Protein chains: 2
Amino acid sequence: MLRTHTCGELRPAQVGQAATLCGWVQKIRDKGSILWIDLRDRYGITQLILEEGAAAQELFQQARTLGREYVVQACGVVVERASKNSHIPTGEVELRVQTLTVLSPAKLPPFLIEDETDGSEDLRMQYRYLDLRRAPMQRNLMLRHRLLQQTRTYLEQQQFIEVETPMLIKSTPEGARDFVVPSRIHPGHFYALPQSPQTFKQLLMVAGFDRYYQLVKCFRDEDLRADRQPEFTQIDCELTFVTQETIFHIFEGLVKHLFQCIKGITLEKFQRLSYAEAIRLYGTDKPDLRVGMPFIELNSLAQGKGFRVFDEAALVVGICVPGGAGYTRKQLEAWTEFVKKPPLGAKGLVYVKYNSDGSIKSSVDKFFSRQQLSAWTKAAQAQPGDMLLIVAGEVQATRQALDALRLKIGDALGLRAKEKFAPLWVVDFPLLQWDAEAQRYTPMHHPFTAPQQEDIPLLEEKPEAVHAHAYDMVINGVELGGGSIRIHEKALQAKMFKVLGLRKEEAKQQFGFLMDAFEYGAPPHGGIALGFDRLCALLGGTDSIRAFIAFPKNNAGRDVMIGAPSTISEAQLNALHII
Amino acid sequence: MLRTHTCGELRPAQVGQAATLCGWVQKIRDKGSILWIDLRDRYGITQLILEEGAAAQELFQQARTLGREYVVQACGVVVERASKNSHIPTGEVELRVQTLTVLSPAKLPPFLIEDETDGSEDLRMQYRYLDLRRAPMQRNLMLRHRLLQQTRTYLEQQQFIEVETPMLIKSTPEGARDFVVPSRIHPGHFYALPQSPQTFKQLLMVAGFDRYYQLVKCFRDEDLRADRQPEFTQIDCELTFVTQETIFHIFEGLVKHLFQCIKGITLEKFQRLSYAEAIRLYGTDKPDLRVGMPFIELNSLAQGKGFRVFDEAALVVGICVPGGAGYTRKQLEAWTEFVKKPPLGAKGLVYVKYNSDGSIKSSVDKFFSRQQLSAWTKAAQAQPGDMLLIVAGEVQATRQALDALRLKIGDALGLRAKEKFAPLWVVDFPLLQWDAEAQRYTPMHHPFTAPQQEDIPLLEEKPEAVHAHAYDMVINGVELGGGSIRIHEKALQAKMFKVLGLRKEEAKQQFGFLMDAFEYGAPPHGGIALGFDRLCALLGGTDSIRAFIAFPKNNAGRDVMIGAPSTISEAQLNALHII
């Protein structure tokens, strides 16, 4: 070792001992006759001291040539500090330097290596290794590390076995999002990188492994957004002989465990909402329940009274803003503008102020009587001082607009604090959704999801009415992941493929191995996959998952630091038969 | 849950309780009035019992329709067994069945699901999910799981942080072995899958993470052998401010820890051999030290005495087989045949028997005197009763032949027992090797390996003489992995690329990011990577790594179960710009 201690280790107990430290120069203070250097490594900061009389002039001269981020080795003796620093664990001591060795000089970094940096996102991505030196990034990756540890600890206590599934697999019909890998040995053939280890984990259940887990890289080639990456990490699990309830119990337990041991937060019991309820009450299948303000549908109360905007709308729906009656005209105008502008594009925003004195004031006063408006506030269980905000129009767009407004007001009311967490399970998803473009049904989750037993008869006549044993875990409006009970019978799986429009031969070619497996004693099973990057971001209190990935890609899927993707040689293209 | 207990759980304490088990039918014994079913899951086997009088006739009839590998749910009461089975933990009790539910019937499996199976390798690969039900395979994956756990436990105790590095990276000049991934968004550009996270882990050191580890999938597109897979798992580590000795200490410790806690074996201290010694004494840089019998070079003693085969040889080298004087002519002929046949192709095998009575008998008696032969046995420190076996010819081929023979004799002498382990470090590797085909130097390990300080002046004039700070860990002739102290200075890295024949622009284009990083305060660092699949095989006592991979590829790089690689659609090829 080039050091005897780390920069986070020395304490008064070591006073008088010789010590050698290595680290980065964080700061130099030169008072002429005394010079201090803050030396930094992953473990902390230790102060080095050079004092006239005690240190040779050459040593002073050498120290004065050092710059920020130089890597140095310092040998000396641990001494008690004259003025102690109670903010850092090593603050009671310092190292009286006898020799200094520069292990690596450093150019001026292109941006400040401080908690608050002046580097643009692009610049920080290009010099990621410098960005990662900043304390917030070090903390982020340490948080990720501890989450990895604690996830494993919990799952292993629950009898899960870690099994690694292959990365080089087969492209599937929904393969448009597959990354593929040309085979050199088999011309014209390709591997695909897994979007998830779905079929493999099911086969592990058929093989009798009972409980499987893996913290696994998955890949999806889709157009990127701020919180998406082409490669991402998933907590991937599958269990045998379980019902949905067991899965809820175990994975609610996992998330509670992580919040408890990483953040010291005791999460409340997860709420439950059916998919239908979530849509009806919040306009989304991933509602942020910190906000409250569920939707109130007003069609029956508000239509047929001569107000055309409402009468022509498929949906009239509002929220009740607690204490909202006091909002100014200006505030209301801003919100109206917000729901009208793209991407929301609502026709407008109707308000009904239920004033503290019991009077009611509304933007649609001339169409509705006091009594009629009063019926609305009653339906919304509004209290004096509250305000109703109402949107109307086509069902889906209207819900979307009101959900967005609800979140915006939630922000304004301070209801979306980062340290508050409102977890829930969304259950009873539809099995299928109609893809108007492709003119066929597609799976809401994936084709291996089991329909609910009582709905199976509807599978062929009325597919859209079939509910699935599928569920999502949602916290603060973030879909952390989801799962389902799977089909484990060949006949049902075949019927599912048929409903999805897959011809028998196609189904056999693509998923024959799985349907074969179901014929040799396949246990009932189900599982879940949680987005690990997103979980890190949630616990770390930021919106972007990039801050929790050591070397992320940018919005165009590029690693700007190493310059990937890149061209490859013609010889290589030839060898891979893709030229 | 569909069960109250697993099949490994019931004990006398539960007698009298109701229980529901789920599992696979392992065996049925039908005695007419009594019928037993062995029900199996991952956790064990529990006996179910149906007894006339206690069980309804319908239940008997139902039980008789069951076959092997059916998945059933059995409800009943735990009772004490009449005749106990001390071989299994549940052997004191059985479940008196009240109801049976078939959860999944099973066709007759294509091979026996027993410890010893009748399935061919191909068939077992095709039905891998059935092969994985066999107890030896379950044990193998459990062993792998525990090795994953214990590796992490040890490394985390040693302050290593787990950091995930990207899978979609950039192809490098040595990219012939890269798997590549075409980019949809960037036409004509490709990602590469990592052969190792080498540069990323070095950047993590520059970023100050101090100690990094990852159990990570790596990829190499090369022609496959029995113990190679296109994707494999690596224990990948990097450390800052360390010397070679620290790395030896930590990773010798890791392997000792794994042997201790997984197998209860206390490994002896790792031996050390320089690369040059290993080649001279065993003809290989991964000697199996269980065998002993180091090489004795006989050029000076055996040449110039008129025996042309020796005189014309670049190398005359032998081993001393302890107690070998008694071997029969037939045995000697077999060994001669072995070294002469391809791939070894030696010219022949000379023996010198040092009989117990002190007499010497040799196949080259007529060329050498008793005294001359006696000088050989003395050089070999042979004891009466031993035998020298000698090969001669071109240096490398001769060493290879003798090493192969040495191992073969080691087998014959029972020196290569599976439960005996002889670990060593091979050190002081050459930095470079001459590639005759490409007419240039290539790195013995990789271009980031640091030359030994005192050899740096030789780097340009006499590259082949430069030693590296590189080391391999070898156990029982298996190279488990290796590593090195890395270059951390831009100038030295640039010189290294130059020696390797990389033009300045090429070096900048390929590894500019790393050389840039070295300019901002790069700490001295080094690391190691151990082959995890091979480690599993070593601890599991088999030669093939495939038995420790859940879903391996075959020799042609195919997953015959899922049918990968496969063709993909023209639309997909178009979207990826590779048609």
# chains A, B, ... in the order shown; residues from 1 in each chain; ligands from 1
>>> residues_around(residues="Arg370 (chain B)", least_positions_apart="2", cutoff="9 Å", atoms="only C-alpha atoms", output="tab-separated table (two decimals) with C-alpha atoms, in the first residue's frame")
chain	number	residue	atom	x	y	z
B	359	SER	CA	21.21	-50.10	-11.62
B	360	ILE	CA	20.24	-47.83	-14.50
B	361	LYS	CA	18.33	-48.93	-17.59
B	365	ASP	CA	21.83	-47.05	-23.26
B	368	PHE	CA	25.30	-42.85	-23.03
B	372	GLN	CA	26.54	-40.04	-17.98
B	373	LEU	CA	23.04	-41.35	-17.22
B	374	SER	CA	23.84	-41.21	-13.56
B	375	ALA	CA	24.62	-37.51	-13.94
>>> select_by_dssp(residues="region 120-277 of chain A", states="alpha helix (DSSP H)", output="number ranges by chain")
A: 121-126, 128-131, 135-157, 198-206, 244-258, 275-277
>>> write_last_selection(atoms="C-alpha atoms", output="CSV table (one decimal), in the first residue's frame")
chain,number,residue,atom,x,y,z
A,121,GLU,CA,-24.6,18.8,-18.4
A,122,ASP,CA,-22.8,18.1,-21.7
A,123,LEU,CA,-19.4,19.0,-20.3
A,124,ARG,CA,-19.9,17.0,-17.2
A,125,MET,CA,-20.9,14.0,-19.3
A,126,GLN,CA,-17.8,14.3,-21.4
A,128,ARG,CA,-17.8,12.1,-16.2
A,129,TYR,CA,-14.8,10.9,-14.2
A,130,LEU,CA,-14.4,14.4,-12.9
A,131,ASP,CA,-18.1,14.9,-12.3
A,135,ALA,CA,-19.6,14.8,-3.3
A,136,PRO,CA,-23.2,14.6,-4.5
A,137,MET,CA,-22.3,12.1,-7.2
A,138,GLN,CA,-20.2,10.1,-4.8
A,139,ARG,CA,-23.1,10.0,-2.5
A,140,ASN,CA,-25.5,8.9,-5.3
A,141,LEU,CA,-23.3,6.0,-6.3
A,142,MET,CA,-22.8,5.0,-2.6
A,143,LEU,CA,-26.6,5.1,-2.2
A,144,ARG,CA,-26.9,2.9,-5.2
A,145,HIS,CA,-24.4,0.5,-3.8
A,146,ARG,CA,-26.2,0.3,-0.5
A,147,LEU,CA,-29.5,-0.3,-2.3
A,148,LEU,CA,-28.0,-3.1,-4.2
A,149,GLN,CA,-26.7,-4.6,-0.9
A,150,GLN,CA,-29.9,-4.2,1.0
A,151,THR,CA,-32.1,-5.5,-1.9
A,152,ARG,CA,-30.0,-8.7,-2.0
A,153,THR,CA,-30.0,-9.1,1.8
A,154,TYR,CA,-33.8,-8.8,1.9
A,155,LEU,CA,-34.5,-11.1,-1.0
A,156,GLU,CA,-32.0,-13.7,0.2
A,157,GLN,CA,-33.7,-13.7,3.6
A,198,GLN,CA,-39.1,-12.9,-18.7
A,199,THR,CA,-39.2,-16.3,-20.4
A,200,PHE,CA,-36.0,-17.5,-18.7
A,201,LYS,CA,-37.3,-16.7,-15.2
A,202,GLN,CA,-40.5,-18.5,-16.0
A,203,LEU,CA,-38.4,-21.5,-17.1
A,204,LEU,CA,-36.5,-21.4,-13.8
A,205,MET,CA,-39.9,-21.8,-12.1
A,206,VAL,CA,-40.7,-24.8,-14.3
A,244,GLN,CA,-50.9,-11.9,-6.0
A,245,GLU,CA,-51.2,-11.3,-2.2
A,246,THR,CA,-48.0,-13.1,-1.4
A,247,ILE,CA,-46.2,-11.0,-4.0
A,248,PHE,CA,-47.6,-7.8,-2.7
A,249,HIS,CA,-46.6,-8.8,0.8
A,250,ILE,CA,-43.0,-9.6,-0.1
A,251,PHE,CA,-42.3,-6.7,-2.4
A,252,GLU,CA,-44.1,-4.1,-0.2
A,253,GLY,CA,-41.8,-5.6,2.4
A,254,LEU,CA,-38.8,-5.1,0.2
A,255,VAL,CA,-39.5,-1.4,-0.4
A,256,LYS,CA,-40.4,-0.8,3.2
A,257,HIS,CA,-37.1,-2.4,4.2
A,258,LEU,CA,-35.1,-0.2,1.8
A,275,TYR,CA,-56.8,0.3,-12.7
A,276,ALA,CA,-60.4,1.5,-13.3
A,277,GLU,CA,-60.5,3.4,-10.0
>>> closest_residue(among="A:Leu344, A:Lys353, A:Glu394, A:Val242", to="Val317 (chain A)", atoms="only C-alpha atoms")
A:Glu394
>>> atom_distance(atom1="CA of Ile487 (chain B)", atom2="CA of Leu459 (chain B)")
13.5 Å
>>> select_by_dssp(residues="region 355-502 of chain A", states="strand (DSSP E or B)", output="number ranges by chain")
A: 360-362, 387-393, 423-427, 430, 432-435, 440-443, 449, 451, 467-468, 470-475, 478-486
>>> write_last_selection(atoms="C-alpha atoms", output="mmCIF file, in the first residue's frame")
data_model
loop_
_atom_site.group_PDB
_atom_site.id
_atom_site.type_symbol
_atom_site.label_atom_id
_atom_site.label_comp_id
_atom_site.auth_asym_id
_atom_site.auth_seq_id
_atom_site.Cartn_x
_atom_site.Cartn_y
_atom_site.Cartn_z
ATOM 1 C CA ILE A 360 -70.635 30.643 -4.373
ATOM 2 C CA LYS A 361 -68.880 32.400 -7.231
ATOM 3 C CA SER A 362 -68.229 30.697 -10.538
ATOM 4 C CA MET A 387 -62.641 25.810 -4.882
ATOM 5 C CA LEU A 388 -63.689 23.443 -7.659
ATOM 6 C CA LEU A 389 -61.736 23.446 -10.920
ATOM 7 C CA ILE A 390 -63.519 21.739 -13.790
ATOM 8 C CA VAL A 391 -62.441 20.583 -17.244
ATOM 9 C CA ALA A 392 -64.611 19.074 -19.963
ATOM 10 C CA GLY A 393 -64.103 17.404 -23.309
ATOM 11 C CA PRO A 423 -46.966 4.135 -2.165
ATOM 12 C CA LEU A 424 -49.724 2.109 -3.774
ATOM 13 C CA TRP A 425 -50.518 -0.966 -5.768
ATOM 14 C CA VAL A 426 -52.573 -0.508 -8.909
ATOM 15 C CA VAL A 427 -54.362 -3.799 -9.551
ATOM 16 C CA PRO A 430 -56.998 -4.901 -18.396
ATOM 17 C CA LEU A 432 -55.294 -6.266 -23.495
ATOM 18 C CA GLN A 433 -55.512 -2.955 -25.236
ATOM 19 C CA TRP A 434 -56.658 -2.224 -28.752
ATOM 20 C CA ASP A 435 -53.930 -0.974 -31.046
ATOM 21 C CA ARG A 440 -55.177 -5.723 -33.285
ATOM 22 C CA TYR A 441 -55.058 -6.327 -29.555
ATOM 23 C CA THR A 442 -51.735 -5.973 -27.819
ATOM 24 C CA PRO A 443 -50.920 -7.069 -24.279
ATOM 25 C CA THR A 449 -49.790 -12.422 -18.138
ATOM 26 C CA PRO A 451 -56.207 -13.418 -17.278
ATOM 27 C CA HIS A 467 -58.958 -8.321 -16.433
ATOM 28 C CA ALA A 468 -55.447 -9.561 -15.779
ATOM 29 C CA ALA A 470 -51.382 -7.770 -13.237
ATOM 30 C CA TYR A 471 -50.235 -5.039 -10.900
ATOM 31 C CA ASP A 472 -47.997 -2.009 -10.774
ATOM 32 C CA MET A 473 -46.172 -0.532 -7.843
ATOM 33 C CA VAL A 474 -46.486 3.250 -7.871
ATOM 34 C CA ILE A 475 -44.852 5.697 -5.474
ATOM 35 C CA VAL A 478 -43.635 7.127 -10.376
ATOM 36 C CA GLU A 479 -44.275 3.647 -11.723
ATOM 37 C CA LEU A 480 -41.516 1.699 -10.016
ATOM 38 C CA GLY A 481 -42.431 -1.494 -11.772
ATOM 39 C CA GLY A 482 -44.990 -4.168 -12.090
ATOM 40 C CA GLY A 483 -45.700 -7.782 -12.595
ATOM 41 C CA SER A 484 -48.311 -10.436 -12.891
ATOM 42 C CA ILE A 485 -49.356 -13.960 -12.241
ATOM 43 C CA ARG A 486 -48.330 -15.809 -15.406
#
>>> residues_around(residues="Gln572 (chain B)", least_positions_apart="3", cutoff="10 Å", atoms="only C-alpha atoms", output="number ranges by chain")
A: 175-180; B: 184, 568-569, 575-579
>>> closest_residue(among="B:Gly521, B:Ala19, B:Asn555, B:Ala55", to="Tyr70 (chain A)", atoms="only C-alpha atoms")
B:Gly521
>>> atom_distance(atom1="CA of Leu239 (chain B)", atom2="CA of Pro447 (chain B)")
18.0 Å
>>> residues_around(residues="Asp288 (chain B)", least_positions_apart="3", cutoff="10 Å", atoms="only C-alpha atoms", output="VMD selection string")
chain B and resid 282 284 to 285 291 to 292 403 406 to 407 410 415 to 416 421 to 424 474 to 479
>>> residues_around(residues="region 505-519 of chain A", least_positions_apart="2", cutoff="8 Å", atoms="only C-alpha atoms", output="PyMOL selection string")
(chain A and resi 172-173+199+203+206+488-490+493-494+497+502-503+521-522) or (chain B and resi 104-107+127+129+561-562)
>>> atom_distance(atom1="CA of Arg81 (chain B)", atom2="CA of Ile37 (chain B)")
13.4 Å
>>> residues_around(residues="Val93 (chain B)", least_positions_apart="4", cutoff="7 Å", atoms="only C-alpha atoms", output="JSON, numbers by chain")
{"B": [11, 12, 78, 79, 80, 81]}
>>> closest_residue(among="B:Val181, B:Val466, B:Val97, B:Ala82", to="chain A", atoms="only C-alpha atoms")
B:Val181
>>> decode(residues="region 440-452 of chain B", atoms="all heavy atoms", output="PDB file, in the first residue's frame")
ATOM      1  N   ARG B 440       4.153  -7.343 -35.356  1.00  0.00           N
ATOM      2  CA  ARG B 440       4.216  -6.251 -34.379  1.00  0.00           C
ATOM      3  C   ARG B 440       4.089  -6.824 -32.970  1.00  0.00           C
ATOM      4  O   ARG B 440       3.712  -7.981 -32.795  1.00  0.00           O
ATOM      5  CB  ARG B 440       3.119  -5.214 -34.637  1.00  0.00           C
ATOM      6  CG  ARG B 440       1.709  -5.753 -34.500  1.00  0.00           C
ATOM      7  CD  ARG B 440       0.690  -4.642 -34.768  1.00  0.00           C
ATOM      8  NE  ARG B 440      -0.677  -5.113 -34.537  1.00  0.00           N
ATOM      9  CZ  ARG B 440      -1.324  -5.013 -33.386  1.00  0.00           C
ATOM     10  NH1 ARG B 440      -0.740  -4.480 -32.335  1.00  0.00           N
ATOM     11  NH2 ARG B 440      -2.571  -5.457 -33.269  1.00  0.00           N
ATOM     12  N   TYR B 441       4.416  -6.004 -31.985  1.00  0.00           N
ATOM     13  CA  TYR B 441       4.237  -6.419 -30.605  1.00  0.00           C
ATOM     14  C   TYR B 441       2.773  -6.300 -30.207  1.00  0.00           C
ATOM     15  O   TYR B 441       2.088  -5.373 -30.614  1.00  0.00           O
ATOM     16  CB  TYR B 441       5.093  -5.552 -29.668  1.00  0.00           C
ATOM     17  CG  TYR B 441       6.565  -5.887 -29.754  1.00  0.00           C
ATOM     18  CD1 TYR B 441       7.434  -5.082 -30.476  1.00  0.00           C
ATOM     19  CD2 TYR B 441       7.058  -7.028 -29.128  1.00  0.00           C
ATOM     20  CE1 TYR B 441       8.778  -5.400 -30.579  1.00  0.00           C
ATOM     21  CE2 TYR B 441       8.400  -7.354 -29.226  1.00  0.00           C
ATOM     22  CZ  TYR B 441       9.254  -6.548 -29.947  1.00  0.00           C
ATOM     23  OH  TYR B 441      10.583  -6.875 -30.044  1.00  0.00           O
ATOM     24  N   THR B 442       2.319  -7.263 -29.447  1.00  0.00           N
ATOM     25  CA  THR B 442       0.973  -7.143 -28.863  1.00  0.00           C
ATOM     26  C   THR B 442       1.123  -7.280 -27.352  1.00  0.00           C
ATOM     27  O   THR B 442       2.089  -7.881 -26.870  1.00  0.00           O
ATOM     28  CB  THR B 442       0.018  -8.234 -29.384  1.00  0.00           C
ATOM     29  OG1 THR B 442       0.589  -9.509 -29.094  1.00  0.00           O
ATOM     30  CG2 THR B 442      -0.209  -8.114 -30.881  1.00  0.00           C
ATOM     31  N   PRO B 443       0.155  -6.722 -26.602  1.00  0.00           N
ATOM     32  CA  PRO B 443       0.287  -6.795 -25.143  1.00  0.00           C
ATOM     33  C   PRO B 443       0.052  -8.233 -24.682  1.00  0.00           C
ATOM     34  O   PRO B 443      -0.809  -8.925 -25.207  1.00  0.00           O
ATOM     35  CB  PRO B 443      -0.850  -5.904 -24.624  1.00  0.00           C
ATOM     36  CG  PRO B 443      -1.477  -5.262 -25.808  1.00  0.00           C
ATOM     37  CD  PRO B 443      -1.076  -6.036 -27.014  1.00  0.00           C
ATOM     38  N   MET B 444       0.813  -8.678 -23.722  1.00  0.00           N
ATOM     39  CA  MET B 444       0.612 -10.013 -23.152  1.00  0.00           C
ATOM     40  C   MET B 444      -0.731 -10.016 -22.393  1.00  0.00           C
ATOM     41  O   MET B 444      -1.447 -10.994 -22.439  1.00  0.00           O
ATOM     42  CB  MET B 444       1.752 -10.315 -22.181  1.00  0.00           C
ATOM     43  CG  MET B 444       1.815 -11.733 -21.744  1.00  0.00           C
ATOM     44  SD  MET B 444       2.878 -12.707 -22.832  1.00  0.00           S
ATOM     45  CE  MET B 444       2.918 -14.260 -21.932  1.00  0.00           C
ATOM     46  N   HIS B 445      -1.066  -8.949 -21.704  1.00  0.00           N
ATOM     47  CA  HIS B 445      -2.362  -8.833 -21.043  1.00  0.00           C
ATOM     48  C   HIS B 445      -3.241  -7.812 -21.771  1.00  0.00           C
ATOM     49  O   HIS B 445      -4.094  -8.181 -22.527  1.00  0.00           O
ATOM     50  CB  HIS B 445      -2.205  -8.505 -19.550  1.00  0.00           C
ATOM     51  CG  HIS B 445      -1.829  -9.685 -18.720  1.00  0.00           C
ATOM     52  ND1 HIS B 445      -0.543 -10.176 -18.672  1.00  0.00           N
ATOM     53  CD2 HIS B 445      -2.557 -10.508 -17.930  1.00  0.00           C
ATOM     54  CE1 HIS B 445      -0.506 -11.255 -17.885  1.00  0.00           C
ATOM     55  NE2 HIS B 445      -1.714 -11.462 -17.416  1.00  0.00           N
ATOM     56  N   HIS B 446      -3.017  -6.553 -21.564  1.00  0.00           N
ATOM     57  CA  HIS B 446      -3.707  -5.516 -22.345  1.00  0.00           C
ATOM     58  C   HIS B 446      -2.879  -4.241 -22.305  1.00  0.00           C
ATOM     59  O   HIS B 446      -1.921  -4.151 -21.511  1.00  0.00           O
ATOM     60  CB  HIS B 446      -5.141  -5.311 -21.870  1.00  0.00           C
ATOM     61  CG  HIS B 446      -5.283  -5.007 -20.423  1.00  0.00           C
ATOM     62  ND1 HIS B 446      -4.630  -3.970 -19.806  1.00  0.00           N
ATOM     63  CD2 HIS B 446      -5.984  -5.625 -19.445  1.00  0.00           C
ATOM     64  CE1 HIS B 446      -4.946  -3.950 -18.532  1.00  0.00           C
ATOM     65  NE2 HIS B 446      -5.742  -4.957 -18.269  1.00  0.00           N
ATOM     66  N   PRO B 447      -3.201  -3.282 -23.157  1.00  0.00           N
ATOM     67  CA  PRO B 447      -2.284  -2.138 -23.324  1.00  0.00           C
ATOM     68  C   PRO B 447      -2.235  -1.191 -22.136  1.00  0.00           C
ATOM     69  O   PRO B 447      -1.523  -0.198 -22.180  1.00  0.00           O
ATOM     70  CB  PRO B 447      -2.835  -1.414 -24.561  1.00  0.00           C
ATOM     71  CG  PRO B 447      -4.243  -1.849 -24.687  1.00  0.00           C
ATOM     72  CD  PRO B 447      -4.316  -3.236 -24.116  1.00  0.00           C
ATOM     73  N   PHE B 448      -2.983  -1.477 -21.059  1.00  0.00           N
ATOM     74  CA  PHE B 448      -3.012  -0.572 -19.910  1.00  0.00           C
ATOM     75  C   PHE B 448      -2.127  -1.064 -18.771  1.00  0.00           C
ATOM     76  O   PHE B 448      -2.035  -0.458 -17.717  1.00  0.00           O
ATOM     77  CB  PHE B 448      -4.456  -0.388 -19.440  1.00  0.00           C
ATOM     78  CG  PHE B 448      -5.395  -0.146 -20.591  1.00  0.00           C
ATOM     79  CD1 PHE B 448      -6.315  -1.110 -20.983  1.00  0.00           C
ATOM     80  CD2 PHE B 448      -5.307   1.033 -21.315  1.00  0.00           C
ATOM     81  CE1 PHE B 448      -7.144  -0.897 -22.072  1.00  0.00           C
ATOM     82  CE2 PHE B 448      -6.134   1.251 -22.408  1.00  0.00           C
ATOM     83  CZ  PHE B 448      -7.058   0.282 -22.786  1.00  0.00           C
ATOM     84  N   THR B 449      -1.481  -2.212 -19.001  1.00  0.00           N
ATOM     85  CA  THR B 449      -0.610  -2.820 -17.998  1.00  0.00           C
ATOM     86  C   THR B 449       0.677  -2.019 -17.843  1.00  0.00           C
ATOM     87  O   THR B 449       1.302  -1.670 -18.836  1.00  0.00           O
ATOM     88  CB  THR B 449      -0.267  -4.254 -18.450  1.00  0.00           C
ATOM     89  OG1 THR B 449      -1.484  -4.959 -18.636  1.00  0.00           O
ATOM     90  CG2 THR B 449       0.596  -4.964 -17.436  1.00  0.00           C
ATOM     91  N   ALA B 450       1.067  -1.782 -16.589  1.00  0.00           N
ATOM     92  CA  ALA B 450       2.273  -0.985 -16.348  1.00  0.00           C
ATOM     93  C   ALA B 450       3.525  -1.843 -16.477  1.00  0.00           C
ATOM     94  O   ALA B 450       3.584  -2.942 -15.928  1.00  0.00           O
ATOM     95  CB  ALA B 450       2.216  -0.370 -14.953  1.00  0.00           C
ATOM     96  N   PRO B 451       4.535  -1.336 -17.183  1.00  0.00           N
ATOM     97  CA  PRO B 451       5.840  -2.007 -17.177  1.00  0.00           C
ATOM     98  C   PRO B 451       6.485  -1.828 -15.802  1.00  0.00           C
ATOM     99  O   PRO B 451       6.164  -0.891 -15.080  1.00  0.00           O
ATOM    100  CB  PRO B 451       6.634  -1.240 -18.236  1.00  0.00           C
ATOM    101  CG  PRO B 451       5.931   0.049 -18.429  1.00  0.00           C
ATOM    102  CD  PRO B 451       4.508  -0.137 -18.009  1.00  0.00           C
ATOM    103  N   GLN B 452       7.378  -2.750 -15.447  1.00  0.00           N
ATOM    104  CA  GLN B 452       8.092  -2.584 -14.178  1.00  0.00           C
ATOM    105  C   GLN B 452       9.048  -1.401 -14.325  1.00  0.00           C
ATOM    106  O   GLN B 452       9.694  -1.229 -15.357  1.00  0.00           O
ATOM    107  CB  GLN B 452       8.810  -3.877 -13.797  1.00  0.00           C
ATOM    108  CG  GLN B 452       7.795  -4.985 -13.496  1.00  0.00           C
ATOM    109  CD  GLN B 452       8.397  -6.251 -12.906  1.00  0.00           C
ATOM    110  OE1 GLN B 452       9.579  -6.300 -12.595  1.00  0.00           O
ATOM    111  NE2 GLN B 452       7.559  -7.267 -12.740  1.00  0.00           N
TER     112      GLN B 452
END
